[in-house]
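Okay, so here's the structure we're looking at.
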Amino acid sequence: MTKAIALLLDGMGIPNWREDPNFRDTPGRVAKMFEEMLTPEKNTWTAFPAKSADLIIVRGHGVIALCPHHLQPVEITAYVGYIPNKMTVGISKLARVVEEQLTVPMMQEDLASRVADAVEAKLEPKGTGVVLSGIHGCMKFRGVESESDTVVSVMRGVLLLNPTARTEFLQLIGRP
């Protein structure tokens, strides 16, 4: 990857970047940054018997993803919730499940589905809800140059089929 970043700098036409102290180590730094961004901490998913069937939500967890179209950062705010069936997990696992999916650049809607799939596979809940709000670098820094957010919603089980449960989830996360 370091060689590819050096080629990118050459392709950008930056004169004498190899001799410039500001750029000399840039290829290695950028390669390390991408490695760090795409190597999340493993989620251990320690589960416990559920003592209730009440809605559990982690809201407002921030992560940085990469857009596959322009390799620009996407500032994601994640809201992940579920209604337990038999098992529940420590709440940090709901934040980590988002991070755990960030191993490659991906579209925001694919990330939301992957998070929901992971929650469903590990917990088999009565319902799962994932809402991701993203500010895309490709919109913020180029093109329309807008800081508007893009919202993706994935609802499964009770949160998809029961309008009251879905409304409660959306009200609790503060999204219409």
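Labeling convention for the structure tokens: chains A, B, ... as they appear, residues from 1 per chain, ligands from 1 in order of appearance.
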Check: Which residues come within 10 Å of segment 138-140 of chain A, counting only C-alpha atoms, excluding same-chain residues fewer than 6 positions away, as a list in words?
Finding: Cys67, His69, His70, Leu71, Gln72, Pro73, Val74, Ser146, Glu147, Ser148 and Asp149 of chain A
Note to self: Can you pull out the residues contacting Val152 of chain A? Cut-off 10 Å, using only C-alpha atoms, and skip same-chain residues under 4 positions away; I want them as an NGL selection string.
What the structure shows: :A and (78 or 108-113 or 130-134)
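Take the candidates A:Gly90, A:Pro163, A:Gly81, A:Gly174 and check each one against Val58 of chain A using only C-alpha atoms; the shortest distance goes to A:Gly81.
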Item checked: Those of segment 3-40 of chain A in DSSP alpha helix (DSSP H), formatted as a list in words -> Lys3, Ala4, Ile5, Ala6, Leu7, Leu8, Leu9, Asp10, Gly11, Thr26, Pro27, Gly28, Arg29, Val30, Ala31, Lys32, Met33, Phe34, Glu35, Glu36 and Met37 of chain A
